[in-house]
Each structure stands twice: as C-alpha cells, then as structure tokens.
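First comes the structure, then the notes that go with it.
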Amino acid sequence: MIKLLIVDDDVWIREGLRRNIRWEQAGIEVAGTAADGEEALKRMEELRPDLVLTDIQMPFLDGLQLAERINEDYPGTKVVFLTGYDDFSYAKQALRLQAADYILKYEDNEVILNAVASAASTLLAEKRGAETARKSQALIQNKFFAELFEGCANPEWARKELDNLGIAAPEACFRVAVIQPEDNRRFARSGEGDNAELLLFSIHNICSELVSEPFPYRYSAVYNNRVNLLFNLPAPPDNEGTAEHLTEHLEEIRRTLENCLKLQVSIGLGSSREGIERIAISYSEALNAAQLKPIIGGAGVFVSGEIRHSQNSHHTLLKEMEQYMRLHFHEEELNLTAIADHVHISSAYASTLFKKYKGMNLSEHLIQLRIDKAAELLSTTDAKSYEVSEQVGYRNPQYFSVLFKKHYGKSPSEYRRDQQHS
C-alpha cells in the first residue's frame, strides 16, 4: 500500500484526518502523524512515506519549509497541502514547490481523499515509468557489454557508447571475471527459465551492492546466462598489487554469494588487456577458467593462466610450495601470499590446491611445520623456549607456547622435560 504521513499542529484535525477518512479504500495506509515540520522530518527518516498531507501554518517549521526539505532529501515523495486559508500567495508557493495538490481544510472528507488518491495515482505512474526506463537502460547496457565480450572491432564507437550510457572508463586496461554457479546447467532445462532469471538477478544485485574502493570502475552485466564483471584498471606499473587485491575481492564476492544464495559458485578471471577491443580476449579466458572447477575439485576463484590440466603439474606446484616453506619457516613474515608469489600463482589458487591435495589449509600446514621443528629443537638443543620460538618464526613466546600446547598437549618446557626422561 501507499504510505501516508499526516502533519498538522492541531491534534483534533490531525486525528480526525487519520480516523475519519477511509484511506484504505484508495489503497493508502496512514503510516504516522506529526505535530509540526520538525517532527515530520524525523518521521520521514523513520517511515519513508510515499505521500505527505501537511498543514501550511505550523510552528518551528511550516508546511512550505517542510516541502522544500522533502524535495531536497526525498525527491520521490509527493506533498499535498492542506490549509485553512484561501490565500492565492500560498497556492502560488505550492505550485513553485511542485506540490501534488492544494486543498482547503473545510472541504469534505471525500474531496480530501480524492486529492490524496490522485497524488498516489500519479506517484504510481511515475514509479512504473521509472522502472520501465531502468529496465530499458539495463537492457541497452547489457547489449553493449555483450558486444564488448563478443569482440568490439571499433574502439571509437565503444568509447562513444560509454559516454552515452554514462559509464566511466578512464583507465587503460580491462579485465573480465565470469561468475559460474555450480548448478547453472539445470536452470537451462525446459521450464526452468524463471528460476534462471531470478538466480541471475539475485547474483547481479549482490554484486552491485558489494562495492570495493580499490576498484571504482567495476561494472556488472548479464550475458551468456552468467553474471560477468568488467574491471577497468590502470596500466602497468601503476597497477602494482592490483592482481592480488582483485582475487581477494572476487573471493569475498564468491563467499557472499554462497552464503546468501546457498549455492556453490566459482569465478573465472581473465588476464588484463589493454584497449576496449581486447576485452573479448579477457572474457574468453575468464569463461574457460570459470568452468574448470571439476579439474580442481572445489569451488574457488580461478585465474586464467594458473590452471594446469594435469595432476602432475599440481603436485609440482605443491612440492615447490612445501620446499619453500621448509627453507623459510623461520621467517616471521612468511605467509600464504609470500608462498603463492614464489610459485607465481594467486593466494586463492594456492589455498585451493593445498586444501584439495593435503586436506588442510596452507596456514595450518605452516604452523604444523614450525611446531614440529620446535619440538626437534627442544629435544636436541639447550636453547631456551623463547629462543626456540624465534628460531621457528614466532617473535611472541606466549603465542608460541599456546600453539605448541595445542599441538602436543603440553608446554614447551614440559615437552623438553618428558623427552629428557624418556
């Protein structure tokens, strides 16, 4: 129903309007009332009404001042003035403020109801028009992005279309990500079209809400029965560190989609390409990467160029990572990012591989490696506990002791004593 806020400093008139007019027959609900303009502004924030029926002469903030504030802060809300003064100057100001109507208090209830109902009809018509325009704009925008993904041969035309659509793309490079729901194929079956459209709409909406400051020029488009993200990025060397932040951002999107939709999602990311005409290359790479979930064995963010098709290659990468950890476990700054960088893959991909083949997170493996090495040092050297802690990469001895006891069920000193007596 259309929500109405009634504003009048006379409690009898205010309550009379609320109780004595059959608003519900016109599809209108009185959401609340206010005794003056200042209170009305507070109720506006709380109730977000579609219509406001307000007296003009009120203390603190009169109806005309209230209408000005509503026009500024709530431009979609319609205002109907109700006054006891048949004054042309008021009517003139009401016109200036684009009021939906201007009626006198001594009119009967039916006239007041009809005036507010007419404003409600106008409001609904405007909303329908705005929604139609929004859908048309979305269709035009999707069609434009589809042409970019298919291969745009005319960069000048594309730049002109970007301007016409109000899409800012000031940077030099483009990169595409493709979002692939796990059971996307079942939505392609006969009779499942509505479900597919709803799924894509939900994914599109969630992606639109997950704005990331490092990527101000990111656009979402539905194409090829998938939701695709187009990133406009700086050219090297200004984009240093962008790749890692981008995969982290996509991983956040992936987790959010899975939590909200209860649906496994994989995301493929193409390479960075310079020039609008090369967006199609990045899109093709992203599409291929997004469909490689069966090779990895689990959902994730898959970056084009990182996916190897043989398990031998996977094991080679794992051996390289494990060797690097064995050589550098004593370095406090050693972490997932540093290990992934060493073998030239993303953090997300390194984590996925490790989980698949080792059955544990990479960070868990690193802790186990350090604690096992600490146990060895406690058994074979006279180094004090805090020295052992530093030698295995922990500058905080208390944290080291907690981790050690968690893994061995006893403190470092207890472990050493038991080893000496065994």
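All residue names refer to the structure tokens as shown: chains lettered A, B, ... in order, residues numbered from 1 in each chain, ligands numbered from 1 in order.
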Could you tell me, as a list in words, which residues of segment 177-353 of chain A DSSP assigns to strand (DSSP E or B) when given the backbone?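 Strand (DSSP E or B) members of segment 177-353 of chain A, listed: Ala177, Val178, Ile179, Gln180, Pro181, Arg218, Tyr219, Ser220, Ala221, Val222, Tyr223, Arg226, Val227, Asn228, Leu229, Leu230, Phe231, Asn232, Leu233, Val265, Ser266, Ile267, Gly268, Leu269, Arg273, Glu274, Val301, Phe302 and Val303 of chain A.
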For the residues in that selection, give me N, CA, C and O atoms as an mmCIF file, in the first residue's frame.
data_model
loop_
_atom_site.group_PDB
_atom_site.id
_atom_site.type_symbol
_atom_site.label_atom_id
_atom_site.label_comp_id
_atom_site.auth_asym_id
_atom_site.auth_seq_id
_atom_site.Cartn_x
_atom_site.Cartn_y
_atom_site.Cartn_z
ATOM 1 N N ALA A 177 35.783 -10.886 -15.184
ATOM 2 C CA ALA A 177 35.541 -12.032 -14.299
ATOM 3 C C ALA A 177 34.173 -12.614 -14.632
ATOM 4 O O ALA A 177 33.209 -11.876 -14.846
ATOM 5 N N VAL A 178 34.083 -13.929 -14.690
ATOM 6 C CA VAL A 178 32.833 -14.634 -15.000
ATOM 7 C C VAL A 178 32.399 -15.427 -13.778
ATOM 8 O O VAL A 178 33.184 -16.209 -13.233
ATOM 9 N N ILE A 179 31.165 -15.221 -13.348
ATOM 10 C CA ILE A 179 30.627 -15.918 -12.173
ATOM 11 C C ILE A 179 29.830 -17.131 -12.643
ATOM 12 O O ILE A 179 28.864 -16.996 -13.397
ATOM 13 N N GLN A 180 30.245 -18.311 -12.187
ATOM 14 C CA GLN A 180 29.668 -19.573 -12.644
ATOM 15 C C GLN A 180 29.031 -20.326 -11.468
ATOM 16 O O GLN A 180 29.741 -20.930 -10.659
ATOM 17 N N PRO A 181 27.689 -20.281 -11.316
ATOM 18 C CA PRO A 181 27.042 -21.091 -10.264
ATOM 19 C C PRO A 181 27.232 -22.575 -10.560
ATOM 20 O O PRO A 181 27.265 -22.985 -11.724
ATOM 21 N N ARG A 218 34.076 -0.698 -11.842
ATOM 22 C CA ARG A 218 33.696 -2.093 -11.973
ATOM 23 C C ARG A 218 32.244 -2.155 -12.379
ATOM 24 O O ARG A 218 31.399 -1.497 -11.778
ATOM 25 N N TYR A 219 31.944 -2.941 -13.414
ATOM 26 C CA TYR A 219 30.583 -2.980 -13.962
ATOM 27 C C TYR A 219 30.095 -4.419 -14.050
ATOM 28 O O TYR A 219 30.843 -5.327 -14.425
ATOM 29 N N SER A 220 28.818 -4.606 -13.709
ATOM 30 C CA SER A 220 28.206 -5.927 -13.717
ATOM 31 C C SER A 220 27.265 -6.035 -14.910
ATOM 32 O O SER A 220 26.478 -5.124 -15.172
ATOM 33 N N ALA A 221 27.344 -7.149 -15.631
ATOM 34 C CA ALA A 221 26.497 -7.338 -16.815
ATOM 35 C C ALA A 221 26.077 -8.795 -16.940
ATOM 36 O O ALA A 221 26.886 -9.707 -16.728
ATOM 37 N N VAL A 222 24.806 -9.006 -17.266
ATOM 38 C CA VAL A 222 24.295 -10.359 -17.510
ATOM 39 C C VAL A 222 24.484 -10.683 -18.984
ATOM 40 O O VAL A 222 23.998 -9.964 -19.862
ATOM 41 N N TYR A 223 25.209 -11.753 -19.258
ATOM 42 C CA TYR A 223 25.465 -12.165 -20.642
ATOM 43 C C TYR A 223 25.802 -13.654 -20.647
ATOM 44 O O TYR A 223 26.465 -14.155 -19.740
ATOM 45 N N ARG A 226 25.146 -15.867 -17.554
ATOM 46 C CA ARG A 226 26.038 -15.689 -16.416
ATOM 47 C C ARG A 226 26.093 -14.205 -16.060
ATOM 48 O O ARG A 226 25.799 -13.355 -16.884
ATOM 49 N N VAL A 227 26.504 -13.940 -14.827
ATOM 50 C CA VAL A 227 26.801 -12.564 -14.443
ATOM 51 C C VAL A 227 28.300 -12.354 -14.602
ATOM 52 O O VAL A 227 29.103 -13.162 -14.123
ATOM 53 N N ASN A 228 28.664 -11.302 -15.314
ATOM 54 C CA ASN A 228 30.064 -11.028 -15.618
ATOM 55 C C ASN A 228 30.453 -9.669 -15.056
ATOM 56 O O ASN A 228 29.654 -8.727 -15.065
ATOM 57 N N LEU A 229 31.679 -9.563 -14.585
ATOM 58 C CA LEU A 229 32.178 -8.307 -14.031
ATOM 59 C C LEU A 229 33.302 -7.790 -14.913
ATOM 60 O O LEU A 229 34.254 -8.521 -15.215
ATOM 61 N N LEU A 230 33.158 -6.533 -15.324
ATOM 62 C CA LEU A 230 34.187 -5.887 -16.146
ATOM 63 C C LEU A 230 34.916 -4.865 -15.285
ATOM 64 O O LEU A 230 34.304 -3.947 -14.741
ATOM 65 N N PHE A 231 36.228 -5.041 -15.159
ATOM 66 C CA PHE A 231 37.056 -4.124 -14.376
ATOM 67 C C PHE A 231 37.864 -3.247 -15.319
ATOM 68 O O PHE A 231 38.462 -3.740 -16.282
ATOM 69 N N ASN A 232 37.865 -1.953 -15.049
ATOM 70 C CA ASN A 232 38.693 -1.003 -15.793
ATOM 71 C C ASN A 232 39.840 -0.597 -14.864
ATOM 72 O O ASN A 232 39.612 0.013 -13.815
ATOM 73 N N LEU A 233 41.070 -0.958 -15.220
ATOM 74 C CA LEU A 233 42.215 -0.859 -14.319
ATOM 75 C C LEU A 233 43.333 0.002 -14.911
ATOM 76 O O LEU A 233 43.425 0.146 -16.132
ATOM 77 N N VAL A 265 29.608 -21.432 -5.939
ATOM 78 C CA VAL A 265 29.913 -20.537 -7.059
ATOM 79 C C VAL A 265 31.413 -20.547 -7.320
ATOM 80 O O VAL A 265 32.211 -20.509 -6.382
ATOM 81 N N SER A 266 31.791 -20.641 -8.598
ATOM 82 C CA SER A 266 33.184 -20.463 -8.986
ATOM 83 C C SER A 266 33.284 -19.200 -9.832
ATOM 84 O O SER A 266 32.342 -18.823 -10.528
ATOM 85 N N ILE A 267 34.438 -18.550 -9.753
ATOM 86 C CA ILE A 267 34.654 -17.325 -10.522
ATOM 87 C C ILE A 267 35.933 -17.473 -11.328
ATOM 88 O O ILE A 267 36.987 -17.820 -10.787
ATOM 89 N N GLY A 268 35.824 -17.251 -12.625
ATOM 90 C CA GLY A 268 36.992 -17.258 -13.504
ATOM 91 C C GLY A 268 37.425 -15.841 -13.801
ATOM 92 O O GLY A 268 36.595 -14.966 -14.016
ATOM 93 N N LEU A 269 38.732 -15.614 -13.779
ATOM 94 C CA LEU A 269 39.279 -14.275 -14.025
ATOM 95 C C LEU A 269 40.235 -14.309 -15.212
ATOM 96 O O LEU A 269 41.210 -15.076 -15.214
ATOM 97 N N ARG A 273 43.968 -6.810 -20.171
ATOM 98 C CA ARG A 273 44.193 -6.496 -21.590
ATOM 99 C C ARG A 273 44.048 -5.005 -21.822
ATOM 100 O O ARG A 273 43.109 -4.366 -21.334
ATOM 101 N N GLU A 274 44.953 -4.464 -22.589
ATOM 102 C CA GLU A 274 44.935 -3.029 -22.859
ATOM 103 C C GLU A 274 44.079 -2.741 -24.090
ATOM 104 O O GLU A 274 44.255 -3.344 -25.150
ATOM 105 N N VAL A 301 38.180 -19.129 -6.826
ATOM 106 C CA VAL A 301 38.486 -18.107 -7.825
ATOM 107 C C VAL A 301 39.644 -18.627 -8.658
ATOM 108 O O VAL A 301 40.739 -18.842 -8.140
ATOM 109 N N PHE A 302 39.402 -18.841 -9.940
ATOM 110 C CA PHE A 302 40.403 -19.425 -10.819
ATOM 111 C C PHE A 302 40.896 -18.383 -11.816
ATOM 112 O O PHE A 302 40.101 -17.818 -12.572
ATOM 113 N N VAL A 303 42.197 -18.162 -11.791
ATOM 114 C CA VAL A 303 42.790 -17.133 -12.642
ATOM 115 C C VAL A 303 43.330 -17.774 -13.904
ATOM 116 O O VAL A 303 44.077 -18.762 -13.839
#
Report as JSON, numbers by chain: the residues of segment 215-371 of chain A with a DSSP assignment of alpha helix (DSSP H), based on the backbone of this structure. {"A": [242, 243, 244, 245, 246, 247, 248, 249, 250, 251, 252, 253, 254, 255, 256, 257, 258, 259, 260, 261, 279, 280, 281, 282, 283, 284, 285, 286, 287, 288, 289, 290, 293, 294, 295, 296, 311, 312, 313, 314, 315, 316, 317, 318, 319, 320, 321, 322, 323, 324, 325, 326, 327, 328, 336, 337, 338, 339, 340, 341, 342, 347, 348, 349, 350, 351, 352, 353, 354, 355, 356, 357, 358, 362, 363, 364, 365, 366, 367, 368, 369, 370, 371]}
Written selection (C-alpha atoms) as a PDB file, in the first residue's frame:
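File produced: part10.pdb:
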ATOM      1  CA  THR A 242      46.138  -4.982  -8.250  1.00  0.00           C
ATOM      2  CA  ALA A 243      46.077  -8.687  -9.153  1.00  0.00           C
ATOM      3  CA  GLU A 244      46.212  -9.865  -5.552  1.00  0.00           C
ATOM      4  CA  HIS A 245      43.608  -7.335  -4.362  1.00  0.00           C
ATOM      5  CA  LEU A 246      41.389  -8.338  -7.274  1.00  0.00           C
ATOM      6  CA  THR A 247      41.424 -12.047  -6.425  1.00  0.00           C
ATOM      7  CA  GLU A 248      40.730 -11.192  -2.765  1.00  0.00           C
ATOM      8  CA  HIS A 249      37.787  -9.020  -3.842  1.00  0.00           C
ATOM      9  CA  LEU A 250      36.416 -11.814  -6.045  1.00  0.00           C
ATOM     10  CA  GLU A 251      36.834 -14.332  -3.229  1.00  0.00           C
ATOM     11  CA  GLU A 252      34.780 -12.036  -0.993  1.00  0.00           C
ATOM     12  CA  ILE A 253      32.079 -11.888  -3.692  1.00  0.00           C
ATOM     13  CA  ARG A 254      32.167 -15.680  -4.048  1.00  0.00           C
ATOM     14  CA  ARG A 255      31.752 -16.290  -0.305  1.00  0.00           C
ATOM     15  CA  THR A 256      28.949 -13.724  -0.061  1.00  0.00           C
ATOM     16  CA  LEU A 257      27.063 -15.309  -2.963  1.00  0.00           C
ATOM     17  CA  GLU A 258      27.387 -18.761  -1.429  1.00  0.00           C
ATOM     18  CA  ASN A 259      26.220 -17.539   1.984  1.00  0.00           C
ATOM     19  CA  CYS A 260      23.272 -15.580   0.595  1.00  0.00           C
ATOM     20  CA  LEU A 261      22.123 -17.992  -2.122  1.00  0.00           C
ATOM     21  CA  ILE A 279      38.008  -7.123 -23.668  1.00  0.00           C
ATOM     22  CA  ALA A 280      36.758 -10.192 -25.576  1.00  0.00           C
ATOM     23  CA  ILE A 281      40.106 -11.944 -25.039  1.00  0.00           C
ATOM     24  CA  SER A 282      39.926 -11.470 -21.276  1.00  0.00           C
ATOM     25  CA  TYR A 283      36.282 -12.598 -21.314  1.00  0.00           C
ATOM     26  CA  SER A 284      37.124 -15.815 -23.181  1.00  0.00           C
ATOM     27  CA  GLU A 285      39.926 -16.573 -20.721  1.00  0.00           C
ATOM     28  CA  ALA A 286      37.652 -15.904 -17.745  1.00  0.00           C
ATOM     29  CA  LEU A 287      34.905 -18.121 -19.173  1.00  0.00           C
ATOM     30  CA  ASN A 288      37.312 -21.022 -19.638  1.00  0.00           C
ATOM     31  CA  ALA A 289      38.756 -20.584 -16.146  1.00  0.00           C
ATOM     32  CA  ALA A 290      35.286 -20.466 -14.551  1.00  0.00           C
ATOM     33  CA  LYS A 293      36.047 -26.467 -11.224  1.00  0.00           C
ATOM     34  CA  PRO A 294      35.996 -30.255 -11.913  1.00  0.00           C
ATOM     35  CA  ILE A 295      39.766 -30.169 -12.513  1.00  0.00           C
ATOM     36  CA  ILE A 296      40.463 -28.516  -9.166  1.00  0.00           C
ATOM     37  CA  GLN A 311      47.642 -33.515 -11.653  1.00  0.00           C
ATOM     38  CA  ASN A 312      51.402 -33.875 -12.127  1.00  0.00           C
ATOM     39  CA  SER A 313      51.604 -30.108 -12.533  1.00  0.00           C
ATOM     40  CA  HIS A 314      49.551 -29.655  -9.377  1.00  0.00           C
ATOM     41  CA  HIS A 315      51.932 -31.877  -7.424  1.00  0.00           C
ATOM     42  CA  THR A 316      54.915 -29.981  -8.809  1.00  0.00           C
ATOM     43  CA  LEU A 317      53.449 -26.726  -7.522  1.00  0.00           C
ATOM     44  CA  LEU A 318      52.760 -28.284  -4.123  1.00  0.00           C
ATOM     45  CA  LYS A 319      56.333 -29.588  -3.858  1.00  0.00           C
ATOM     46  CA  GLU A 320      57.676 -26.147  -4.696  1.00  0.00           C
ATOM     47  CA  MET A 321      55.492 -24.546  -2.019  1.00  0.00           C
ATOM     48  CA  GLU A 322      56.438 -27.139   0.606  1.00  0.00           C
ATOM     49  CA  GLN A 323      60.120 -26.791  -0.172  1.00  0.00           C
ATOM     50  CA  TYR A 324      59.885 -23.022   0.094  1.00  0.00           C
ATOM     51  CA  MET A 325      58.198 -23.362   3.484  1.00  0.00           C
ATOM     52  CA  ARG A 326      60.905 -25.745   4.739  1.00  0.00           C
ATOM     53  CA  LEU A 327      63.593 -23.249   3.732  1.00  0.00           C
ATOM     54  CA  HIS A 328      61.863 -20.138   5.089  1.00  0.00           C
ATOM     55  CA  LEU A 336      50.203 -17.550   2.166  1.00  0.00           C
ATOM     56  CA  THR A 337      50.816 -14.516  -0.051  1.00  0.00           C
ATOM     57  CA  ALA A 338      54.602 -14.862   0.050  1.00  0.00           C
ATOM     58  CA  ILE A 339      54.429 -18.594  -0.729  1.00  0.00           C
ATOM     59  CA  ALA A 340      51.970 -18.084  -3.612  1.00  0.00           C
ATOM     60  CA  ASP A 341      54.122 -15.291  -5.043  1.00  0.00           C
ATOM     61  CA  HIS A 342      57.148 -17.591  -5.027  1.00  0.00           C
ATOM     62  CA  SER A 347      46.816 -16.741  -2.983  1.00  0.00           C
ATOM     63  CA  ALA A 348      43.308 -18.077  -3.648  1.00  0.00           C
ATOM     64  CA  TYR A 349      44.600 -20.684  -6.124  1.00  0.00           C
ATOM     65  CA  ALA A 350      47.449 -21.747  -3.810  1.00  0.00           C
ATOM     66  CA  SER A 351      44.980 -22.186  -0.953  1.00  0.00           C
ATOM     67  CA  THR A 352      42.603 -24.227  -3.150  1.00  0.00           C
ATOM     68  CA  LEU A 353      45.356 -26.567  -4.347  1.00  0.00           C
ATOM     69  CA  PHE A 354      46.706 -27.140  -0.857  1.00  0.00           C
ATOM     70  CA  LYS A 355      43.273 -27.872   0.585  1.00  0.00           C
ATOM     71  CA  LYS A 356      42.481 -30.310  -2.230  1.00  0.00           C
ATOM     72  CA  TYR A 357      45.642 -32.398  -2.065  1.00  0.00           C
ATOM     73  CA  LYS A 358      46.730 -32.019   1.556  1.00  0.00           C
ATOM     74  CA  LEU A 362      48.265 -23.967   3.908  1.00  0.00           C
ATOM     75  CA  SER A 363      48.445 -21.850   7.081  1.00  0.00           C
ATOM     76  CA  GLU A 364      47.703 -24.953   9.188  1.00  0.00           C
ATOM     77  CA  HIS A 365      50.496 -26.836   7.436  1.00  0.00           C
ATOM     78  CA  LEU A 366      52.936 -23.979   8.098  1.00  0.00           C
ATOM     79  CA  ILE A 367      52.043 -23.978  11.815  1.00  0.00           C
ATOM     80  CA  GLN A 368      52.499 -27.763  11.962  1.00  0.00           C
ATOM     81  CA  LEU A 369      55.884 -27.462  10.245  1.00  0.00           C
ATOM     82  CA  ARG A 370      57.070 -24.793  12.684  1.00  0.00           C
ATOM     83  CA  ILE A 371      55.824 -26.608  15.800  1.00  0.00           C
TER      84      ILE A 371
END
Find the residues around segment 38-47 of chain A up to 9 Å (only C-alpha atoms counted), leave out those fewer than 6 positions away in its own chain, and share them as a list of chain:residue names. A:Lys3, A:Leu5, A:Ile6, A:Val7, A:Ala31, A:Gly32, A:Pro59, A:Phe60, A:Leu61, A:Asp62, A:Leu66, A:Arg69, A:Ile70, A:Tyr74
Rounded to one decimal, what separation in Å do you get between atom CA of Gly275 of chain A and atom CA of Ile206 of chain A? 28.0 Å
Using only C-alpha atoms, the residue out of A:Ala299, A:Gln419, A:Gly270, A:Glu171 with shortest distance to Pro236 of chain A is A:Glu171
Determine, counting only C-alpha atoms, which protein, DNA and RNA residues have an atom within 12 Å of an atom of Thr122 of chain A; residues of the same chain fewer than 4 positions away are not included. Present the result as a PDB file with N, CA, C and O atoms, in the first residue's frame.
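Saved the output as around37.pdb:
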ATOM      1  N   ILE A   2       0.259   2.350  -0.465  1.00  0.00           N
ATOM      2  CA  ILE A   2       0.926   3.651  -0.434  1.00  0.00           C
ATOM      3  C   ILE A   2       0.934   4.179   1.002  1.00  0.00           C
ATOM      4  O   ILE A   2      -0.108   4.182   1.675  1.00  0.00           O
ATOM      5  N   ASP A  50       5.339   7.607   1.140  1.00  0.00           N
ATOM      6  CA  ASP A  50       5.248   7.963  -0.270  1.00  0.00           C
ATOM      7  C   ASP A  50       4.579   9.319  -0.447  1.00  0.00           C
ATOM      8  O   ASP A  50       4.885  10.056  -1.398  1.00  0.00           O
ATOM      9  N   LEU A  51       3.642   9.639   0.472  1.00  0.00           N
ATOM     10  CA  LEU A  51       2.873  10.882   0.391  1.00  0.00           C
ATOM     11  C   LEU A  51       2.912  11.599   1.737  1.00  0.00           C
ATOM     12  O   LEU A  51       2.962  10.958   2.789  1.00  0.00           O
ATOM     13  N   GLY A  76      11.316  11.666  -4.357  1.00  0.00           N
ATOM     14  CA  GLY A  76      10.230  10.842  -4.896  1.00  0.00           C
ATOM     15  C   GLY A  76       8.921  10.977  -4.143  1.00  0.00           C
ATOM     16  O   GLY A  76       7.902  10.418  -4.552  1.00  0.00           O
ATOM     17  N   THR A  77       8.921  11.738  -3.040  1.00  0.00           N
ATOM     18  CA  THR A  77       7.724  11.852  -2.196  1.00  0.00           C
ATOM     19  C   THR A  77       6.817  12.982  -2.669  1.00  0.00           C
ATOM     20  O   THR A  77       7.288  14.079  -2.979  1.00  0.00           O
ATOM     21  N   LYS A  78       5.524  12.713  -2.722  1.00  0.00           N
ATOM     22  CA  LYS A  78       4.544  13.725  -3.134  1.00  0.00           C
ATOM     23  C   LYS A  78       3.990  14.451  -1.903  1.00  0.00           C
ATOM     24  O   LYS A  78       3.738  13.829  -0.868  1.00  0.00           O
ATOM     25  N   VAL A  79       3.793  15.766  -2.050  1.00  0.00           N
ATOM     26  CA  VAL A  79       3.267  16.589  -0.952  1.00  0.00           C
ATOM     27  C   VAL A  79       1.917  17.186  -1.363  1.00  0.00           C
ATOM     28  O   VAL A  79       1.789  17.761  -2.451  1.00  0.00           O
ATOM     29  N   ALA A  99       3.909  21.003  -5.545  1.00  0.00           N
ATOM     30  CA  ALA A  99       3.001  20.231  -4.702  1.00  0.00           C
ATOM     31  C   ALA A  99       2.026  19.440  -5.570  1.00  0.00           C
ATOM     32  O   ALA A  99       1.634  19.883  -6.653  1.00  0.00           O
ATOM     33  N   ALA A 100       1.640  18.262  -5.080  1.00  0.00           N
ATOM     34  CA  ALA A 100       0.704  17.435  -5.837  1.00  0.00           C
ATOM     35  C   ALA A 100      -0.684  18.058  -5.854  1.00  0.00           C
ATOM     36  O   ALA A 100      -1.437  17.913  -6.818  1.00  0.00           O
ATOM     37  N   ASP A 101      -1.044  18.782  -4.766  1.00  0.00           N
ATOM     38  CA  ASP A 101      -2.348  19.448  -4.720  1.00  0.00           C
ATOM     39  C   ASP A 101      -2.347  20.459  -3.573  1.00  0.00           C
ATOM     40  O   ASP A 101      -1.476  20.439  -2.702  1.00  0.00           O
ATOM     41  N   ALA A 115      -8.137  13.952  -3.502  1.00  0.00           N
ATOM     42  CA  ALA A 115      -6.916  14.700  -3.801  1.00  0.00           C
ATOM     43  C   ALA A 115      -5.675  13.860  -3.486  1.00  0.00           C
ATOM     44  O   ALA A 115      -4.718  13.797  -4.272  1.00  0.00           O
ATOM     45  N   VAL A 116      -5.690  13.214  -2.318  1.00  0.00           N
ATOM     46  CA  VAL A 116      -4.546  12.381  -1.933  1.00  0.00           C
ATOM     47  C   VAL A 116      -4.470  11.142  -2.826  1.00  0.00           C
ATOM     48  O   VAL A 116      -3.377  10.724  -3.236  1.00  0.00           O
ATOM     49  N   ALA A 117      -5.627  10.547  -3.150  1.00  0.00           N
ATOM     50  CA  ALA A 117      -5.644   9.373  -4.027  1.00  0.00           C
ATOM     51  C   ALA A 117      -5.114   9.713  -5.410  1.00  0.00           C
ATOM     52  O   ALA A 117      -4.416   8.915  -6.043  1.00  0.00           O
ATOM     53  N   SER A 118      -5.436  10.921  -5.899  1.00  0.00           N
ATOM     54  CA  SER A 118      -4.936  11.361  -7.199  1.00  0.00           C
ATOM     55  C   SER A 118      -3.411  11.488  -7.169  1.00  0.00           C
ATOM     56  O   SER A 118      -2.717  11.099  -8.116  1.00  0.00           O
ATOM     57  N   GLU A 126       4.470   7.341 -12.076  1.00  0.00           N
ATOM     58  CA  GLU A 126       5.869   7.765 -12.203  1.00  0.00           C
ATOM     59  C   GLU A 126       6.821   6.625 -11.858  1.00  0.00           C
ATOM     60  O   GLU A 126       7.848   6.445 -12.516  1.00  0.00           O
ATOM     61  N   LYS A 127       6.461   5.849 -10.813  1.00  0.00           N
ATOM     62  CA  LYS A 127       7.310   4.718 -10.434  1.00  0.00           C
ATOM     63  C   LYS A 127       7.356   3.668 -11.528  1.00  0.00           C
ATOM     64  O   LYS A 127       8.407   3.109 -11.832  1.00  0.00           O
ATOM     65  N   ARG A 128       6.186   3.408 -12.135  1.00  0.00           N
ATOM     66  CA  ARG A 128       6.156   2.432 -13.229  1.00  0.00           C
ATOM     67  C   ARG A 128       6.996   2.919 -14.402  1.00  0.00           C
ATOM     68  O   ARG A 128       7.728   2.154 -15.028  1.00  0.00           O
ATOM     69  N   GLY A 129       6.894   4.229 -14.684  1.00  0.00           N
ATOM     70  CA  GLY A 129       7.696   4.794 -15.777  1.00  0.00           C
ATOM     71  C   GLY A 129       9.176   4.715 -15.482  1.00  0.00           C
ATOM     72  O   GLY A 129       9.976   4.380 -16.367  1.00  0.00           O
TER      73      GLY A 129
END
What separation in Å, quoted to one decimal, exists between atom CA of Trp12 of chain A and atom CA of Leu64 of chain A?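 That distance, rounded to one decimal, is 21.4 Å.
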Which residues are near Ala138 of chain A? Cut-off 10 Å, only C-alpha atoms, ignore same chain within fewer than 5 positions. Put them as a list in words.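 Counting only the stated atoms, we get Thr132, Ala133, Lys143, Phe144, Leu165, Ala221 and Val222 of chain A.
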Take the residues that were just selected and, keeping N, CA and C atoms, output them as an mmCIF file, in the first residue's frame.
data_model
loop_
_atom_site.group_PDB
_atom_site.id
_atom_site.type_symbol
_atom_site.label_atom_id
_atom_site.label_comp_id
_atom_site.auth_asym_id
_atom_site.auth_seq_id
_atom_site.Cartn_x
_atom_site.Cartn_y
_atom_site.Cartn_z
ATOM 1 N N THR A 132 10.319 1.102 -15.849
ATOM 2 C CA THR A 132 10.426 0.759 -17.269
ATOM 3 C C THR A 132 11.695 1.349 -17.864
ATOM 4 N N ALA A 133 11.960 2.606 -17.518
ATOM 5 C CA ALA A 133 13.176 3.265 -18.021
ATOM 6 C C ALA A 133 14.423 2.567 -17.500
ATOM 7 N N LYS A 143 23.290 -5.164 -23.580
ATOM 8 C CA LYS A 143 23.543 -5.402 -25.004
ATOM 9 C C LYS A 143 24.906 -4.834 -25.404
ATOM 10 N N PHE A 144 25.227 -3.669 -24.859
ATOM 11 C CA PHE A 144 26.517 -3.052 -25.161
ATOM 12 C C PHE A 144 27.664 -3.911 -24.624
ATOM 13 N N LEU A 165 26.042 6.094 -22.324
ATOM 14 C CA LEU A 165 25.460 5.317 -21.224
ATOM 15 C C LEU A 165 25.881 5.843 -19.859
ATOM 16 N N ALA A 221 27.344 -7.149 -15.631
ATOM 17 C CA ALA A 221 26.497 -7.338 -16.815
ATOM 18 C C ALA A 221 26.077 -8.795 -16.940
ATOM 19 N N VAL A 222 24.806 -9.006 -17.266
ATOM 20 C CA VAL A 222 24.295 -10.359 -17.510
ATOM 21 C C VAL A 222 24.484 -10.683 -18.984
#
Considering only C-alpha atoms, return as a list of chain:residue names whatever protein or nucleic-acid residues lie within 12 Å of Gly16 of chain A, sequence-local ones (same chain, fewer than 6 positions apart) excluded.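 The residues satisfying every condition are A:Ile6, A:Val7, A:Asp8, A:Asp10, A:Arg22, A:Thr33, A:Lys105, A:Asp108, A:Asn109.
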Filtering to C-alpha atoms, could you give me those residues as a PDB file, in the first residue's frame?
ATOM      1  CA  ILE A   6      -0.259  13.421   8.098  1.00  0.00           C
ATOM      2  CA  VAL A   7       1.215  16.643   9.504  1.00  0.00           C
ATOM      3  CA  ASP A   8      -0.871  19.240  11.421  1.00  0.00           C
ATOM      4  CA  ASP A  10      -3.973  20.793  15.638  1.00  0.00           C
ATOM      5  CA  ARG A  22     -11.468   5.814   4.596  1.00  0.00           C
ATOM      6  CA  THR A  33       1.361  11.577  12.079  1.00  0.00           C
ATOM      7  CA  LYS A 105      -9.464  22.149   5.384  1.00  0.00           C
ATOM      8  CA  ASP A 108     -15.414  17.436   2.976  1.00  0.00           C
ATOM      9  CA  ASN A 109     -13.534  14.195   3.567  1.00  0.00           C
TER      10      ASN A 109
END
